[in-house]
$ cat coords_6.txt   # compact mmCIF, C-alpha atoms
# COMPACT_ATOMS: atom_id res chain seq x y z
CA MET A 1 2.52 -7.26 18.61
CA SER A 2 0.60 -7.06 15.32
CA ILE A 3 3.77 -6.56 13.28
CA ASN A 4 5.18 -9.85 14.58
CA ALA A 5 1.80 -11.57 14.22
CA ASN A 6 1.69 -10.62 10.54
CA ARG A 7 4.91 -12.50 9.83
CA GLN A 8 4.04 -15.40 12.12
CA SER A 9 0.73 -15.93 10.32
CA PHE A 10 2.53 -17.02 7.16
CA ALA A 11 4.55 -19.56 9.17
CA ARG A 12 1.30 -21.24 10.26
CA TYR A 13 0.88 -22.69 6.79
CA GLY A 14 3.06 -25.20 4.98
CA PHE A 15 2.87 -26.20 1.33
CA GLN A 16 1.74 -29.55 0.02
CA PRO A 17 3.15 -29.58 -3.52
CA ASN A 18 2.13 -31.76 -6.42
CA VAL A 19 4.99 -33.57 -8.15
CA LEU A 20 5.59 -34.81 -11.68
CA VAL A 21 3.61 -31.94 -13.15
CA ASP A 22 4.80 -30.38 -16.41
CA VAL A 23 5.86 -26.91 -15.22
CA SER A 24 7.99 -26.04 -18.25
CA SER A 25 5.62 -23.14 -18.95
CA ILE A 26 4.39 -21.05 -16.00
CA ASP A 27 2.02 -18.08 -16.17
CA THR A 28 2.35 -15.68 -13.22
CA SER A 29 -0.03 -13.07 -14.62
CA VAL A 30 -3.19 -11.89 -12.90
CA SER A 31 -6.18 -9.92 -14.18
CA ILE A 32 -7.55 -7.21 -11.87
CA PHE A 33 -10.48 -5.03 -12.97
CA GLY A 34 -10.02 -6.15 -16.56
CA LYS A 35 -6.31 -5.35 -16.74
CA ARG A 36 -3.55 -7.94 -16.91
CA TYR A 37 -0.46 -7.62 -14.72
CA ASP A 38 2.64 -9.78 -15.04
CA SER A 39 2.82 -10.59 -11.33
CA PRO A 40 0.36 -10.86 -8.43
CA VAL A 41 2.73 -8.82 -6.22
CA GLY A 42 2.36 -5.04 -6.28
CA ILE A 43 3.74 -2.00 -4.50
CA ALA A 44 1.73 -0.92 -1.46
CA PRO A 45 1.00 2.76 -0.79
CA MET A 46 3.69 4.33 1.38
CA GLY A 47 3.62 7.91 2.58
CA LEU A 48 6.80 9.99 2.79
CA SER A 49 8.50 7.89 0.09
CA ALA A 50 10.06 11.04 -1.34
CA LEU A 51 11.66 11.69 2.05
CA THR A 52 13.46 8.35 2.17
CA SER A 53 14.57 8.41 -1.48
CA TYR A 54 14.85 11.14 -4.08
CA ARG A 55 11.47 11.42 -5.86
CA GLY A 56 10.52 8.11 -4.28
CA ASP A 57 6.89 8.03 -5.43
CA LEU A 58 7.97 8.57 -9.03
CA CYS A 59 10.67 5.91 -8.70
CA MET A 60 8.22 3.26 -7.59
CA ALA A 61 5.38 4.18 -9.92
CA SER A 62 7.66 4.37 -12.97
CA ALA A 63 9.38 1.07 -12.14
CA ALA A 64 6.01 -0.64 -11.69
CA GLN A 65 4.68 0.79 -14.95
CA LYS A 66 7.67 -0.56 -16.88
CA ALA A 67 7.37 -3.96 -15.17
CA ASN A 68 3.60 -4.08 -15.75
CA ALA A 69 3.12 -4.43 -12.00
CA LEU A 70 0.45 -3.18 -9.65
CA CYS A 71 1.32 0.03 -7.80
CA ILE A 72 -0.69 2.18 -5.39
CA MET A 73 0.42 5.76 -4.67
CA SER A 74 -0.13 7.02 -1.14
CA GLY A 75 -2.31 9.98 -0.28
CA SER A 76 0.39 10.96 2.23
CA SER A 77 2.92 11.43 -0.54
CA LEU A 78 5.16 14.45 -1.03
CA ILE A 79 4.87 14.63 -4.82
CA ARG A 80 1.73 15.86 -6.53
CA LEU A 81 -0.40 13.00 -7.82
CA GLU A 82 -0.76 14.77 -11.16
CA GLU A 83 3.01 14.48 -11.72
CA VAL A 84 3.04 10.80 -10.87
CA MET A 85 0.02 10.04 -13.03
CA GLN A 86 1.64 11.78 -15.98
CA ALA A 87 4.74 9.60 -15.62
CA ALA A 88 2.90 6.36 -14.78
CA PRO A 89 -0.81 6.59 -15.71
CA ALA A 90 -1.60 3.02 -14.66
CA THR A 91 -0.88 3.85 -11.01
CA TRP A 92 -3.72 3.46 -8.53
CA PHE A 93 -4.25 6.22 -5.96
CA GLN A 94 -4.96 5.68 -2.26
CA ALA A 95 -6.79 8.48 -0.45
CA TYR A 96 -7.30 9.36 3.19
CA LEU A 97 -10.67 11.05 3.32
CA PRO A 98 -10.79 14.55 4.85
CA GLY A 99 -13.36 15.25 7.53
CA GLN A 100 -15.75 17.60 5.73
CA GLN A 101 -17.99 16.65 2.81
CA ALA A 102 -16.92 19.67 0.78
CA GLN A 103 -13.28 18.67 1.24
CA ILE A 104 -14.07 15.09 0.24
CA ASP A 105 -15.88 16.24 -2.89
CA ALA A 106 -13.01 18.52 -3.88
CA LEU A 107 -10.40 15.81 -3.33
CA ILE A 108 -12.34 13.20 -5.34
CA ALA A 109 -12.80 15.72 -8.16
CA ARG A 110 -9.07 16.42 -8.19
CA ILE A 111 -8.20 12.71 -8.26
CA ALA A 112 -10.56 12.15 -11.19
CA ALA A 113 -9.17 15.15 -13.06
CA ALA A 114 -5.64 13.75 -12.64
CA GLY A 115 -6.66 10.70 -14.67
CA VAL A 116 -6.73 8.14 -11.86
CA GLU A 117 -8.75 5.09 -12.88
CA THR A 118 -8.67 3.00 -9.68
CA LEU A 119 -9.30 4.73 -6.35
CA VAL A 120 -8.37 3.10 -3.05
CA LEU A 121 -9.88 4.42 0.19
CA THR A 122 -8.01 3.59 3.39
CA VAL A 123 -10.53 3.29 6.21
CA ASP A 124 -8.52 2.06 9.21
CA THR A 125 -7.17 5.45 10.35
CA PRO A 126 -10.07 7.22 12.12
CA VAL A 127 -7.60 8.50 14.72
CA ALA A 128 -3.81 8.74 14.83
CA ALA A 129 -2.08 5.65 16.17
CA ASN A 130 0.27 5.73 19.15
CA ARG A 131 3.41 4.61 17.35
CA GLU A 132 5.77 4.25 20.28
CA ASN A 133 8.81 3.57 18.10
CA ASN A 134 8.32 6.97 16.46
CA ILE A 135 7.98 8.62 19.85
CA ARG A 136 11.20 7.01 21.09
CA ALA A 137 13.04 8.11 17.96
CA GLY A 138 11.62 11.64 18.12
CA PHE A 139 10.00 11.21 14.70
CA SER A 140 6.91 13.23 13.81
CA THR A 141 5.20 14.44 10.68
CA PRO A 142 5.92 17.17 9.89
CA LEU A 143 9.49 16.91 11.14
CA ARG A 144 10.34 19.41 13.87
CA PRO A 145 13.64 21.30 13.43
CA SER A 146 16.08 20.47 16.23
CA LEU A 147 19.76 19.94 16.90
CA ALA A 148 19.11 16.20 17.09
CA LEU A 149 17.47 16.21 13.64
CA ALA A 150 20.34 18.26 12.20
CA TRP A 151 22.87 15.85 13.70
CA GLN A 152 21.08 12.87 12.16
CA GLY A 153 21.29 14.58 8.78
CA VAL A 154 25.01 15.27 9.18
CA ARG A 155 25.58 11.63 10.13
CA HIS A 156 23.88 10.49 6.90
CA PRO A 157 25.50 12.66 4.22
CA GLY A 158 24.31 10.45 1.36
CA TRP A 159 20.68 11.09 2.28
CA LEU A 160 21.29 14.72 3.23
CA LEU A 161 22.94 15.59 -0.08
CA GLY A 162 21.32 13.08 -2.42
CA THR A 163 17.73 13.26 -1.20
CA PHE A 164 16.85 16.15 1.10
CA LEU A 165 19.07 18.98 -0.14
CA LYS A 166 18.70 17.83 -3.76
CA THR A 167 14.93 17.99 -3.35
CA LEU A 168 15.12 21.45 -1.75
CA MET A 169 17.31 22.80 -4.54
CA GLN A 170 15.32 21.35 -7.44
CA HIS A 171 11.75 21.29 -6.13
CA GLY A 172 11.58 23.40 -2.98
CA MET A 173 10.39 22.32 0.45
CA PRO A 174 8.31 19.11 0.23
CA HIS A 175 4.71 19.36 1.34
CA PHE A 176 1.94 16.83 1.93
CA GLU A 177 0.52 17.31 -1.53
CA ASN A 178 -2.42 14.92 -1.76
CA ASN A 179 -4.32 14.65 1.53
CA TYR A 180 -6.66 17.40 0.35
CA ALA A 181 -7.56 19.08 -2.91
CA THR A 182 -5.19 21.86 -1.89
CA ARG A 183 -1.59 21.70 -0.73
CA GLY A 184 -1.04 20.48 2.83
CA ALA A 185 1.58 21.06 5.49
CA PRO A 186 5.33 21.27 4.75
CA ILE A 187 7.43 18.28 5.75
CA LEU A 188 9.60 20.47 8.01
CA SER A 189 7.78 22.72 10.45
CA ALA A 190 8.19 23.80 14.05
CA ASN A 191 4.51 24.29 14.77
CA VAL A 192 2.33 22.71 12.05
CA LEU A 193 0.65 19.37 12.74
CA ARG A 194 -1.15 17.00 10.40
CA ASP A 195 -4.76 16.85 11.48
CA PHE A 196 -6.13 13.33 12.00
CA SER A 197 -8.89 14.42 14.38
CA ASP A 198 -11.40 15.28 11.65
CA ARG A 199 -11.70 11.67 10.44
CA GLY A 200 -13.46 10.30 13.51
CA HIS A 201 -17.00 10.81 12.22
CA LEU A 202 -16.47 9.26 8.78
CA ASN A 203 -18.80 6.33 8.10
CA TRP A 204 -20.30 4.15 5.38
CA THR A 205 -22.55 7.01 4.23
CA HIS A 206 -19.46 8.83 2.97
CA ILE A 207 -18.33 5.71 1.11
CA ALA A 208 -21.75 5.34 -0.48
CA ALA A 209 -21.63 8.94 -1.71
CA ILE A 210 -18.22 8.38 -3.28
CA ARG A 211 -19.43 5.17 -4.92
CA LYS A 212 -22.21 7.10 -6.63
CA ARG A 213 -19.85 9.64 -8.16
CA TRP A 214 -16.70 7.57 -8.82
CA PRO A 215 -16.94 6.00 -12.31
CA GLY A 216 -14.02 3.57 -12.09
CA PRO A 217 -12.99 0.72 -9.83
CA LEU A 218 -13.31 1.59 -6.13
CA VAL A 219 -11.36 -0.33 -3.49
CA ILE A 220 -11.64 -0.26 0.31
CA LYS A 221 -8.35 -0.84 2.15
CA GLY A 222 -8.23 -1.87 5.81
CA ILE A 223 -10.91 -4.58 5.97
CA LEU A 224 -10.45 -7.21 8.70
CA HIS A 225 -14.02 -8.29 9.49
CA PRO A 226 -16.35 -10.19 7.13
CA ARG A 227 -19.26 -7.96 8.15
CA ASP A 228 -17.42 -4.99 6.68
CA ALA A 229 -16.75 -6.96 3.51
CA VAL A 230 -20.49 -7.58 3.24
CA LYS A 231 -21.22 -3.85 3.67
CA ALA A 232 -18.70 -3.00 0.98
CA ARG A 233 -20.23 -5.56 -1.35
CA GLU A 234 -23.74 -4.22 -0.76
CA LEU A 235 -22.57 -0.69 -1.64
CA GLY A 236 -21.15 -1.87 -4.95
CA ILE A 237 -17.49 -1.60 -4.01
CA ASP A 238 -15.30 -3.36 -6.58
CA GLY A 239 -12.55 -4.66 -4.32
CA VAL A 240 -11.13 -4.79 -0.81
CA ILE A 241 -7.61 -4.99 0.56
CA VAL A 242 -7.44 -7.10 3.71
CA SER A 243 -4.96 -5.15 5.82
CA ASN A 244 -4.06 -4.09 9.36
CA HIS A 245 -1.91 -1.21 8.09
CA GLY A 246 1.25 -3.23 8.49
CA GLY A 247 0.45 -3.68 12.18
CA ARG A 248 0.95 0.04 12.81
CA GLN A 249 -2.57 1.12 13.73
CA LEU A 250 -4.52 -0.96 16.27
CA ASP A 251 -1.90 -3.07 18.01
CA GLY A 252 -3.30 -6.52 18.62
CA SER A 253 -5.38 -6.48 15.46
CA VAL A 254 -5.61 -9.85 13.76
CA ALA A 255 -3.13 -10.76 11.03
CA PRO A 256 -4.86 -10.28 7.66
CA LEU A 257 -3.84 -13.73 6.40
CA LEU A 258 -5.76 -15.41 9.23
CA VAL A 259 -9.08 -13.75 8.36
CA LEU A 260 -8.55 -13.80 4.60
CA PRO A 261 -10.68 -16.94 4.01
CA GLN A 262 -13.61 -15.39 5.91
CA ILE A 263 -13.32 -12.16 3.90
CA VAL A 264 -13.17 -14.09 0.63
CA ASP A 265 -16.30 -16.04 1.55
CA ALA A 266 -18.13 -12.78 2.38
CA ALA A 267 -16.86 -10.79 -0.60
CA GLY A 268 -18.93 -12.33 -3.36
CA ALA A 269 -17.78 -11.00 -6.72
CA MET A 270 -15.48 -8.35 -5.24
CA VAL A 271 -11.75 -8.58 -5.89
CA VAL A 272 -9.97 -9.50 -2.65
CA MET A 273 -6.34 -8.45 -2.13
CA LEU A 274 -4.03 -8.44 0.89
CA ASP A 275 -1.12 -6.55 2.41
CA SER A 276 0.73 -6.46 5.75
CA GLY A 277 3.69 -8.75 6.34
CA VAL A 278 4.22 -10.03 2.79
CA ARG A 279 7.97 -10.43 2.22
CA ARG A 280 8.57 -13.43 -0.07
CA GLY A 281 7.11 -15.11 -3.09
CA THR A 282 5.99 -17.96 -0.85
CA ASP A 283 3.98 -15.46 1.22
CA ALA A 284 2.20 -14.32 -1.91
CA LEU A 285 1.33 -17.88 -2.92
CA LYS A 286 -0.04 -18.68 0.54
CA ALA A 287 -2.32 -15.65 0.34
CA ILE A 288 -3.42 -16.63 -3.17
CA ALA A 289 -4.13 -20.17 -1.99
CA LEU A 290 -6.44 -18.67 0.65
CA GLY A 291 -8.32 -16.63 -1.92
CA ALA A 292 -6.42 -13.38 -2.50
CA GLN A 293 -6.07 -12.30 -6.11
CA ALA A 294 -3.08 -10.02 -5.47
CA VAL A 295 -0.84 -8.94 -2.61
CA TYR A 296 1.14 -5.80 -1.86
CA VAL A 297 4.60 -5.26 -0.40
CA GLY A 298 5.63 -1.99 1.22
CA ARG A 299 8.92 -1.34 2.96
CA PRO A 300 11.21 -3.59 0.87
CA PHE A 301 10.37 -1.51 -2.21
CA ASN A 302 10.91 1.65 -0.19
CA TYR A 303 14.35 0.39 0.82
CA ALA A 304 15.13 -0.53 -2.78
CA ALA A 305 14.32 3.02 -3.89
CA THR A 306 16.51 4.39 -1.10
CA VAL A 307 19.48 2.28 -2.21
CA ALA A 308 19.26 2.63 -5.98
CA GLY A 309 16.26 4.74 -7.01
CA GLU A 310 14.11 3.43 -9.85
CA ARG A 311 16.76 0.82 -10.75
CA GLY A 312 16.52 -0.54 -7.22
CA VAL A 313 12.75 -0.85 -7.39
CA THR A 314 12.98 -2.51 -10.80
CA HIS A 315 15.44 -5.02 -9.37
CA ALA A 316 13.25 -5.71 -6.33
CA LEU A 317 10.18 -6.26 -8.52
CA ALA A 318 12.15 -8.68 -10.68
CA LEU A 319 13.41 -10.58 -7.62
CA ILE A 320 9.98 -11.24 -6.14
CA ALA A 321 8.43 -11.98 -9.55
CA ALA A 322 11.14 -14.59 -10.11
CA GLU A 323 10.46 -16.02 -6.65
CA VAL A 324 6.75 -16.38 -7.44
CA LYS A 325 7.50 -18.17 -10.71
CA ARG A 326 10.07 -20.50 -9.14
CA ASP A 327 7.82 -21.28 -6.17
CA MET A 328 4.92 -22.09 -8.50
CA GLY A 329 7.12 -24.56 -10.31
CA LEU A 330 8.15 -26.20 -7.05
CA LEU A 331 4.52 -26.28 -5.94
CA GLY A 332 3.52 -28.03 -9.15
CA VAL A 333 1.18 -25.41 -10.62
CA THR A 334 1.39 -23.53 -13.89
CA ALA A 335 -1.17 -20.75 -13.31
CA LEU A 336 -2.20 -18.73 -10.27
CA ARG A 337 -5.83 -19.80 -10.64
CA ASP A 338 -4.76 -23.39 -9.95
CA ILE A 339 -3.43 -22.59 -6.48
CA THR A 340 -6.06 -23.54 -3.86
CA ARG A 341 -6.41 -24.13 -0.14
CA GLU A 342 -5.66 -27.81 -0.85
CA HIS A 343 -2.04 -26.81 -1.45
CA LEU A 344 -1.71 -25.66 2.18
CA PHE A 345 -1.28 -27.59 5.41
CA ALA A 346 -2.20 -25.66 8.57
CA GLY A 347 0.17 -26.67 11.33

$ encode --input "coords_6.txt" --output "structure tokens"
Amino acid sequence: MSINANRQSFARYGFQPNVLVDVSSIDTSVSIFGKRYDSPVGIAPMGLSALTSYRGDLCMASAAQKANALCIMSGSSLIRLEEVMQAAPATWFQAYLPGQQAQIDALIARIAAAGVETLVLTVDTPVAANRENNIRAGFSTPLRPSLALAWQGVRHPGWLLGTFLKTLMQHGMPHFENNYATRGAPILSANVLRDFSDRGHLNWTHIAAIRKRWPGPLVIKGILHPRDAVKARELGIDGVIVSNHGGRQLDGSVAPLLVLPQIVDAAGAMVVMLDSGVRRGTDALKAIALGAQAVYVGRPFNYAATVAGERGVTHALALIAAEVKRDMGLLGVTALRDITREHLFAG
């Protein structure tokens, strides 16, 4: 339900362009936390990217670095964050907080030591979601060895040879490397489960403690209610990402675009960004018109890495950046700051 609602929310708005505006020079850049990026569209954090494409996290982070684009690495990644930060030091890191304070402290210390400047905390996963599509497909994390899983690998020899076996031969069995300060579970296991149960007691007190010790920009991801935006603002959080986790957590949760204006009004000086359902340059401009300063796209970049590695991600970034620029010209604006709610018609 929420996945469909995310896409439908963008269709609720139409553009009202201005004509006969000199758009011979268009600036698509955006400044976030004092750094300039060439496009307002970035790469969202996606776990297991190195399972769907060879060294997927590195592919996306490196492509974004070269394109001067925003990129957030997932805490549920299969490549150590230190390796990604060495290759692409401008990458942001998204963490899922462990359940114990000592574990949280150790993880935050490790992230800081890796050279991460901007830390993103995802807060909409207190318990594991009931993802029925995964259940129907027999998908779990870690993957459980079975004849069905082996058959799927045989039926996809390009992935089996070019991603999984290549990873095994050159880097060993992938593990969840960044959920904790220490190495997590292997991606393939008959009896190991990822533990989501210890997150249920996490609250704003934990966020406040992290704010006191984290020296750089701190972002909260998963905000859908203006009251939570106010709490984040009062704690000195630097930015929020309005998100319903791509519609994959609480089914029936509101589409982020629909509550974006309320969050912007409550956010004060915080940077407000958005993900979930963004697929085109026009989607990005609608979110910007409603107050977002940047948006993030997930799966399309994952697919691009699967098809063509870093070159695929570079191409995908160029495609959506070109869309944004072209759409701005057709809208009759030359800078992102000039796009306002007056450019939208709510049908």

$ residues_around --input "coords_6.txt" --residues "Thr182 (chain A)" --least-positions-apart "6" --cutoff "10 Å" --atoms "all atoms listed in the file" --output "PyMOL selection string"
chain A and resi 103+106-107+110+176

$ closest_residue --input "coords_6.txt" --among "A:Tyr180, A:Phe33, A:Tyr303, A:Phe15" --to "Trp92 (chain A)" --atoms "all atoms listed in the file"
A:Phe33

$ closest_residue --input "coords_6.txt" --among "A:Gln170, A:Asn6, A:Ser49, A:Ser31" --to "Asn302 (chain A)" --atoms "all atoms listed in the file"
A:Ser49

$ closest_residue --input "coords_6.txt" --among "A:Thr314, A:Thr205, A:Thr334, A:Ser243" --to "Ala67 (chain A)" --atoms "all atoms listed in the file"
A:Thr314

$ atom_distance --input "coords_6.txt" --atom1 "CA of Leu58 (chain A)" --atom2 "CA of Ala185 (chain A)"
20.2 Å

$ closest_residue --input "coords_6.txt" --among "A:Arg337, A:Arg279, A:Arg248, A:His206" --to "Asn130 (chain A)" --atoms "only C-alpha atoms"
A:Arg248

$ closest_residue --input "coords_6.txt" --among "A:Ala335, A:Ala321, A:Leu147, A:Val21" --to "Gly42 (chain A)" --atoms "only C-alpha atoms"
A:Ala321

$ residues_around --input "coords_6.txt" --residues "Lys221 (chain A)" --least-positions-apart "3" --cutoff "8 Å" --atoms "only C-alpha atoms" --output "PyMOL selection string"
chain A and resi 120-124+240-243

$ atom_distance --input "coords_6.txt" --atom1 "CA of Ala267 (chain A)" --atom2 "CA of Asp251 (chain A)"
25.1 Å

$ atom_distance --input "coords_6.txt" --atom1 "CA of Gly268 (chain A)" --atom2 "CA of Leu344 (chain A)"
22.5 Å

$ residues_around --input "coords_6.txt" --residues "Met270 (chain A)" --least-positions-apart "3" --cutoff "10 Å" --atoms "only C-alpha atoms" --output "PyMOL selection string"
chain A and resi 33+219+229-230+232-233+236-240+264+266-267+273

$ closest_residue --input "coords_6.txt" --among "A:Gly47, A:Gly153, A:Gly216, A:Pro126" --to "Ile111 (chain A)" --atoms "only C-alpha atoms"
A:Gly216

$ residues_around --input "coords_6.txt" --residues "Pro256 (chain A)" --least-positions-apart "2" --cutoff "9 Å" --atoms "all atoms listed in the file" --output "VMD selection string"
chain A and resid 6 9 223 to 224 242 to 244 253 to 254 258 to 260 274 to 277

$ write_last_selection --input "coords_6.txt" --atoms "C-alpha atoms" --output "compact mmCIF listing (two decimals), in the coordinates of the input"
# COMPACT_ATOMS: atom_id res chain seq x y z
CA ASN A 6 1.69 -10.62 10.54
CA SER A 9 0.73 -15.93 10.32
CA ILE A 223 -10.91 -4.58 5.97
CA LEU A 224 -10.45 -7.21 8.70
CA VAL A 242 -7.44 -7.10 3.71
CA SER A 243 -4.96 -5.15 5.82
CA ASN A 244 -4.06 -4.09 9.36
CA SER A 253 -5.38 -6.48 15.46
CA VAL A 254 -5.61 -9.85 13.76
CA LEU A 258 -5.76 -15.41 9.23
CA VAL A 259 -9.08 -13.75 8.36
CA LEU A 260 -8.55 -13.80 4.60
CA LEU A 274 -4.03 -8.44 0.89
CA ASP A 275 -1.12 -6.55 2.41
CA SER A 276 0.73 -6.46 5.75
CA GLY A 277 3.69 -8.75 6.34

$ residues_around --input "coords_6.txt" --residues "Ala64 (chain A)" --least-positions-apart "4" --cutoff "12 Å" --atoms "all atoms listed in the file" --output "ChimeraX atom specification"
/A:37-39,41-44,57-60,68-73,84,87-92,301,305,310-318,321

$ closest_atom_pairs --input "coords_6.txt" --of "region 43-126 of chain A" --to "region 159-163 of chain A" --cutoff "9 Å" --atoms "all atoms listed in the file" --output "Markdown table"
| residue | atom | partner | partner_atom | distance |
| --- | --- | --- | --- | --- |
| A:Ala50 | CA | A:Thr163 | CA | 8.0 |
| A:Leu51 | CA | A:Thr163 | CA | 7.1 |
| A:Thr52 | CA | A:Thr163 | CA | 7.3 |
| A:Ser53 | CA | A:Thr163 | CA | 5.8 |
| A:Tyr54 | CA | A:Thr163 | CA | 4.6 |
| A:Arg55 | CA | A:Thr163 | CA | 8.0 |

$ axis_aligned_box --input "coords_6.txt" --around "region 316-323 of chain A" --padding-each-side "5 Å" --output "AutoDock Vina command-line options"
--center_x 10.9 --center_y -10.9 --center_z -8.4 --size_x 15.0 --size_y 20.3 --size_z 14.5

$ residues_near_point --input "coords_6.txt" --point "(2.1, 13.8, 2.2)" --cutoff "7 Å" --atoms "all atoms listed in the file" --output "number ranges by chain"
A: 47-48, 75-78, 175-179
